[in-house]
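**Student:** Dropping a structure here in structure tokens format, bear with me for questions.
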Amino acid sequence: MEFESNYDIATTAHFIHTRNFTRVALQFPDDLLKDSTKVVTALRKRLQSLREFDLDVTRSGDETDVGLFVMADTAYGSCCVDEVGASHINADCVIHYGHTCFSPTTTLPAFFVFGKASICITDCVESLSQYALTNRKPIMVLFGLEYAHSIEQIRKALLESSMSCRSDLKSEVHFADVPSPFLFPSKDIKKVNGLQEPASGCSNNAHCDVASGTIYSIGGLTWKLPEGQSMEDYLLFWIGLDNSAFANVVLTFNTCEIVRYDATENQLVTDLSQQRRILKRRYYLVERARDANIVGILVGTLGVAGYLHIINQMMELITGAGKKAYTLVMGKPNPAKLANFPECDVFLYVSCAQTALLDSKEYLAPIITPFEAMIAFNRGSQWTGAYVMGFGDLINLPQVEVRNQEEARFSFLQGGYVEDFENQENVEEEREALALVNATEKALQLRDNCNSLIKGDARSGAEFLANRSYQGLNIPNENTSPEPYFIGRRGRASGYEDEKNRHENL
């Protein structure tokens, strides 16, 4: 029973049965894939029992078996719903297991099974009470979705503890709403029967009865603050691991004091200097992006709603700033993949909020987010300290007009004034220029004293290719006869046969 409770077998089967889904995709992350066969067996038993108790289906004899398909090794982040993989089997819905970013879907409804991580309720309430006694600001409790099952118990235990100790807490303690596991595409929300409210709605928050106020939402959690209050007036108490969801909270609410309760170690972590340092590096990457000439747009999702809109928006932003932009679709990026595009000075990663931050220290070029691109490529824009992780919030922002300025811009990295604006030519003129570059690439190659090509500041991928010393296996036009082959090295890279013979002779 503990296994079925952890994977919400009963609730999942009821969701599938009541909505008459016949082809269901079960999406598992790599660490939960070992339990996929057990989950399928338990779901089939539960669905069979539900069909037996359904009198209408039994009398009519029209019984349709539900097809359960296990999906693994997603093309992008496992926290997002893999709608592309589900479409290959014509799935009616996706059951997502494990950690999730709760990004909105485009075409398919989704049901999320967060899991139930173990937590010591008593120790968590004690840490929260001690933190509330030492502070006067109100506290907003946020949590990882794997601990959503215990939030109501923590709330009740905190209330009982304050009443039994007869000591009023100096700070008010508020909890974010536990998200609903149902998620439907926004265009189909009104068409689905039985859905009470979308996951982004406000349901259990203590401030829901306020007529006006501000609603905050991050990672599936929602809460509402009264009118006149902001997040700077609150302290944040995070229950969960130091993962991408927590990094999202730290960067989004970087002006708030944040502490983290580690449920695995049963301790309160107050030193967040490592997470704060991330914001400084992101500002450095923005300055690197300002000096870029060629930008590669990495498509990091094919399922999050609005990804095509933000790609087109970023393309217009980059070209309007006088830079070249190329769209790259390659699945999960890694240093080896991006090394095939050395002409790109910076990469722009379009993905969900919890996979947008890539540690680009191992990459040849920095990787920025759409929010950082809007700061870097908008002339005269400055970073105010606010940070936006999800690109959904950028779609609704008003477009900033890129002014055709010919004034030089001061570059902090180069230590001087640079001019980075270039008037965009039409496509026909651009093609003629590229043809001219290809025709004269062998006659006008700049070489240094060592007779090797010097890489200049290329303004396009074709110009960069023309200046490369290696451009692929090109057969010379003057000699088309085949060359004689010769035998290469033999053995392993740790020691080839000719190297062994050389050492023996020595």
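Quick note on naming: the chains in the structure tokens go A, B, ... in the order shown, residues restart at 1 in each chain, and ligands are numbered from 1 in order of appearance.
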Excluding Val40 in chain A and its own-chain neighbours fewer than 4 positions away, which residues fall within 9 Å of it when counting only C-alpha atoms? Please give them as a list of chain:residue names.

**Tutor:**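 In the requested form, the answer reads A:Leu26, A:Asp35, A:Ser36, A:Arg44, A:Lys45, A:Leu68, A:Phe69, A:Val70.
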
**Student:** Write the residues you've just listed into a file as a JSON list (two decimals), in the first residue's frame, and include N, CA, C and O atoms for each of them.

**Tutor:**
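Dumped to result.json:
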```json
[["chain", "number", "residue", "atom", "x", "y", "z"],
["A", 26, "LEU", "N", 2.94, 7.35, -19.81],
["A", 26, "LEU", "CA", 3.50, 7.45, -18.46],
["A", 26, "LEU", "C", 4.95, 7.91, -18.58],
["A", 26, "LEU", "O", 5.80, 7.18, -19.07],
["A", 35, "ASP", "N", 10.80, 1.58, -11.33],
["A", 35, "ASP", "CA", 9.49, 1.26, -10.78],
["A", 35, "ASP", "C", 8.38, 1.32, -11.83],
["A", 35, "ASP", "O", 7.20, 1.17, -11.48],
["A", 36, "SER", "N", 8.73, 1.53, -13.08],
["A", 36, "SER", "CA", 7.70, 1.74, -14.11],
["A", 36, "SER", "C", 6.84, 0.50, -14.32],
["A", 36, "SER", "O", 5.61, 0.61, -14.47],
["A", 44, "ARG", "N", -3.16, -1.01, -14.01],
["A", 44, "ARG", "CA", -4.06, -1.90, -14.75],
["A", 44, "ARG", "C", -5.03, -2.59, -13.81],
["A", 44, "ARG", "O", -6.23, -2.74, -14.13],
["A", 45, "LYS", "N", -4.58, -2.99, -12.66],
["A", 45, "LYS", "CA", -5.47, -3.63, -11.69],
["A", 45, "LYS", "C", -6.53, -2.64, -11.19],
["A", 45, "LYS", "O", -7.71, -2.98, -11.08],
["A", 68, "LEU", "N", -1.41, 1.68, -21.79],
["A", 68, "LEU", "CA", -0.43, 2.40, -20.98],
["A", 68, "LEU", "C", 0.95, 2.28, -21.63],
["A", 68, "LEU", "O", 1.44, 1.16, -21.85],
["A", 69, "PHE", "N", 1.57, 3.40, -21.92],
["A", 69, "PHE", "CA", 2.86, 3.44, -22.61],
["A", 69, "PHE", "C", 3.88, 4.16, -21.74],
["A", 69, "PHE", "O", 3.64, 5.30, -21.31],
["A", 70, "VAL", "N", 4.99, 3.51, -21.48],
["A", 70, "VAL", "CA", 6.04, 4.08, -20.63],
["A", 70, "VAL", "C", 7.00, 4.89, -21.51],
["A", 70, "VAL", "O", 7.51, 4.38, -22.51]]
```

**Student:** In range 231-425 of chain A, what's alpha helix (DSSP H) per DSSP? Answer as a compact mmCIF listing (two decimals) with N, CA, C and O atoms, in the first residue's frame?

**Tutor:**
```
# COMPACT_ATOMS: atom_id res chain seq x y z
N SER A 244 17.04 22.73 -8.68
CA SER A 244 16.70 23.80 -9.63
C SER A 244 15.49 24.60 -9.20
O SER A 244 15.40 25.80 -9.48
N ALA A 245 14.54 23.96 -8.53
CA ALA A 245 13.37 24.70 -8.05
C ALA A 245 13.76 25.73 -7.00
O ALA A 245 13.25 26.86 -6.99
N PHE A 246 14.68 25.35 -6.11
CA PHE A 246 15.13 26.29 -5.09
C PHE A 246 15.95 27.42 -5.72
O PHE A 246 15.83 28.59 -5.32
N ALA A 247 16.79 27.10 -6.70
CA ALA A 247 17.55 28.15 -7.40
C ALA A 247 16.63 29.13 -8.10
O ALA A 247 16.91 30.34 -8.16
N ASN A 248 15.51 28.62 -8.62
CA ASN A 248 14.51 29.49 -9.24
C ASN A 248 13.95 30.48 -8.24
O ASN A 248 13.77 31.67 -8.53
N VAL A 249 13.67 30.01 -7.02
CA VAL A 249 13.14 30.89 -5.98
C VAL A 249 14.17 31.91 -5.54
O VAL A 249 13.86 33.10 -5.37
N VAL A 250 15.43 31.48 -5.39
CA VAL A 250 16.47 32.39 -4.91
C VAL A 250 16.71 33.53 -5.90
O VAL A 250 16.84 34.69 -5.52
N LEU A 251 16.75 33.21 -7.19
CA LEU A 251 17.00 34.25 -8.18
C LEU A 251 15.79 35.15 -8.40
O LEU A 251 15.94 36.36 -8.61
N THR A 252 14.60 34.56 -8.38
CA THR A 252 13.40 35.37 -8.60
C THR A 252 13.15 36.34 -7.47
O THR A 252 12.83 37.51 -7.69
N SER A 273 25.22 31.85 0.29
CA SER A 273 26.16 32.66 -0.47
C SER A 273 26.45 32.05 -1.84
O SER A 273 26.67 32.77 -2.82
N GLN A 274 26.43 30.72 -1.91
CA GLN A 274 26.69 30.07 -3.20
C GLN A 274 25.58 30.39 -4.19
O GLN A 274 25.84 30.64 -5.37
N GLN A 275 24.33 30.37 -3.73
CA GLN A 275 23.22 30.68 -4.61
C GLN A 275 23.22 32.17 -4.99
O GLN A 275 22.89 32.52 -6.12
N ARG A 276 23.60 33.03 -4.06
CA ARG A 276 23.64 34.46 -4.36
C ARG A 276 24.73 34.76 -5.39
O ARG A 276 24.60 35.71 -6.18
N ARG A 277 25.80 33.97 -5.37
CA ARG A 277 26.89 34.20 -6.31
C ARG A 277 26.46 33.94 -7.75
O ARG A 277 27.07 34.45 -8.70
N ILE A 278 25.43 33.13 -7.92
CA ILE A 278 24.95 32.84 -9.27
C ILE A 278 24.46 34.10 -9.95
O ILE A 278 24.68 34.32 -11.15
N LEU A 279 23.81 34.98 -9.19
CA LEU A 279 23.26 36.20 -9.77
C LEU A 279 24.38 37.11 -10.29
O LEU A 279 24.23 37.76 -11.32
N LYS A 280 25.51 37.12 -9.61
CA LYS A 280 26.63 37.93 -10.07
C LYS A 280 27.18 37.40 -11.39
O LYS A 280 27.55 38.17 -12.27
N ARG A 281 27.26 36.08 -11.50
CA ARG A 281 27.76 35.51 -12.75
C ARG A 281 26.79 35.76 -13.89
O ARG A 281 27.22 35.98 -15.03
N ARG A 282 25.50 35.73 -13.61
CA ARG A 282 24.53 36.00 -14.68
C ARG A 282 24.69 37.43 -15.20
O ARG A 282 24.54 37.68 -16.39
N TYR A 283 25.01 38.36 -14.33
CA TYR A 283 25.24 39.74 -14.77
C TYR A 283 26.48 39.81 -15.65
O TYR A 283 26.52 40.56 -16.64
N TYR A 284 27.50 39.04 -15.32
CA TYR A 284 28.71 39.00 -16.15
C TYR A 284 28.40 38.44 -17.53
O TYR A 284 28.91 38.94 -18.54
N LEU A 285 27.54 37.42 -17.59
CA LEU A 285 27.18 36.83 -18.88
C LEU A 285 26.39 37.82 -19.74
O LEU A 285 26.48 37.79 -20.97
N VAL A 286 25.63 38.68 -19.11
CA VAL A 286 24.90 39.72 -19.86
C VAL A 286 25.89 40.65 -20.54
O VAL A 286 25.72 41.04 -21.71
N GLU A 287 26.95 41.03 -19.84
CA GLU A 287 27.97 41.89 -20.44
C GLU A 287 28.70 41.17 -21.57
O GLU A 287 29.07 41.79 -22.57
N ARG A 288 28.90 39.86 -21.43
CA ARG A 288 29.51 39.10 -22.52
C ARG A 288 28.60 39.09 -23.74
O ARG A 288 29.07 39.16 -24.88
N ALA A 289 27.31 39.00 -23.51
CA ALA A 289 26.36 38.94 -24.62
C ALA A 289 26.27 40.27 -25.36
O ALA A 289 25.99 40.30 -26.57
N ARG A 290 26.51 41.37 -24.68
CA ARG A 290 26.45 42.67 -25.35
C ARG A 290 27.48 42.78 -26.46
O ARG A 290 27.25 43.44 -27.48
N TYR A 307 6.58 28.59 -26.66
CA TYR A 307 8.01 28.55 -27.00
C TYR A 307 8.26 29.09 -28.40
O TYR A 307 9.31 29.73 -28.65
N LEU A 308 7.35 28.87 -29.35
CA LEU A 308 7.53 29.40 -30.70
C LEU A 308 7.44 30.93 -30.70
O LEU A 308 8.18 31.61 -31.43
N HIS A 309 6.55 31.45 -29.89
CA HIS A 309 6.39 32.90 -29.82
C HIS A 309 7.64 33.56 -29.27
O HIS A 309 8.11 34.59 -29.79
N ILE A 310 8.23 32.98 -28.23
CA ILE A 310 9.41 33.59 -27.63
C ILE A 310 10.62 33.44 -28.54
O ILE A 310 11.50 34.32 -28.58
N ILE A 311 10.69 32.36 -29.33
CA ILE A 311 11.80 32.21 -30.29
C ILE A 311 11.72 33.30 -31.36
O ILE A 311 12.73 33.93 -31.69
N ASN A 312 10.53 33.53 -31.90
CA ASN A 312 10.36 34.60 -32.89
C ASN A 312 10.64 35.98 -32.28
O ASN A 312 11.22 36.85 -32.92
N GLN A 313 10.21 36.15 -31.03
CA GLN A 313 10.46 37.42 -30.36
C GLN A 313 11.95 37.66 -30.15
O GLN A 313 12.45 38.78 -30.35
N MET A 314 12.69 36.61 -29.77
CA MET A 314 14.12 36.74 -29.59
C MET A 314 14.83 36.96 -30.92
O MET A 314 15.82 37.70 -31.01
N MET A 315 14.33 36.32 -31.99
CA MET A 315 14.92 36.52 -33.31
C MET A 315 14.79 37.98 -33.75
O MET A 315 15.75 38.58 -34.27
N GLU A 316 13.63 38.56 -33.55
CA GLU A 316 13.43 39.97 -33.89
C GLU A 316 14.30 40.88 -33.03
O GLU A 316 14.84 41.89 -33.51
N LEU A 317 14.45 40.52 -31.76
CA LEU A 317 15.27 41.33 -30.86
C LEU A 317 16.73 41.31 -31.29
O LEU A 317 17.41 42.35 -31.31
N ILE A 318 17.24 40.14 -31.65
CA ILE A 318 18.65 40.01 -32.01
C ILE A 318 18.94 40.70 -33.34
O ILE A 318 19.92 41.44 -33.48
N THR A 319 18.11 40.44 -34.33
CA THR A 319 18.32 41.09 -35.63
C THR A 319 18.13 42.60 -35.55
O THR A 319 18.80 43.36 -36.26
N GLY A 320 17.22 43.04 -34.71
CA GLY A 320 17.03 44.48 -34.53
C GLY A 320 18.23 45.14 -33.89
O GLY A 320 18.45 46.34 -34.06
N PRO A 335 28.69 20.43 -23.93
CA PRO A 335 29.84 21.13 -24.52
C PRO A 335 30.26 20.57 -25.88
O PRO A 335 30.68 21.34 -26.75
N ALA A 336 30.16 19.26 -26.08
CA ALA A 336 30.58 18.67 -27.34
C ALA A 336 29.68 19.11 -28.48
O ALA A 336 30.15 19.38 -29.59
N LYS A 337 28.38 19.18 -28.25
CA LYS A 337 27.45 19.59 -29.30
C LYS A 337 27.66 21.05 -29.69
O LYS A 337 27.75 21.39 -30.87
N LEU A 338 27.77 21.92 -28.70
CA LEU A 338 27.89 23.34 -28.99
C LEU A 338 29.27 23.69 -29.54
O LEU A 338 29.44 24.76 -30.15
N PRO A 370 16.37 34.07 -22.05
CA PRO A 370 15.66 35.13 -22.77
C PRO A 370 15.58 36.45 -22.01
O PRO A 370 15.66 37.52 -22.61
N PHE A 371 15.44 36.37 -20.69
CA PHE A 371 15.40 37.61 -19.91
C PHE A 371 16.73 38.36 -19.99
O PHE A 371 16.77 39.59 -20.15
N GLU A 372 17.83 37.63 -19.91
CA GLU A 372 19.15 38.25 -20.02
C GLU A 372 19.38 38.80 -21.43
O GLU A 372 20.07 39.81 -21.60
N ALA A 373 18.81 38.12 -22.43
CA ALA A 373 18.94 38.61 -23.81
C ALA A 373 18.22 39.95 -23.99
O ALA A 373 18.70 40.83 -24.71
N MET A 374 17.08 40.11 -23.35
CA MET A 374 16.35 41.37 -23.46
C MET A 374 17.13 42.51 -22.83
O MET A 374 17.05 43.66 -23.29
N ILE A 375 17.89 42.22 -21.80
CA ILE A 375 18.72 43.26 -21.20
C ILE A 375 19.94 43.55 -22.05
O ILE A 375 20.34 44.70 -22.25
N ALA A 376 20.55 42.49 -22.60
CA ALA A 376 21.80 42.64 -23.34
C ALA A 376 21.60 43.30 -24.70
O ALA A 376 22.43 44.10 -25.14
N PHE A 377 20.50 42.99 -25.39
CA PHE A 377 20.32 43.42 -26.78
C PHE A 377 19.41 44.62 -26.93
O PHE A 377 19.15 45.06 -28.04
N GLY A 392 7.48 32.84 -20.19
CA GLY A 392 6.07 33.18 -20.32
C GLY A 392 5.77 34.59 -19.85
O GLY A 392 4.88 35.27 -20.38
N ASP A 393 6.53 35.08 -18.85
CA ASP A 393 6.32 36.44 -18.37
C ASP A 393 6.87 37.47 -19.34
O ASP A 393 6.47 38.63 -19.29
N LEU A 394 7.80 37.06 -20.20
CA LEU A 394 8.39 38.00 -21.15
C LEU A 394 7.50 38.23 -22.36
O LEU A 394 7.62 39.25 -23.03
N ILE A 395 6.63 37.26 -22.66
CA ILE A 395 5.76 37.40 -23.82
C ILE A 395 4.79 38.55 -23.66
O ILE A 395 4.48 39.27 -24.61
```
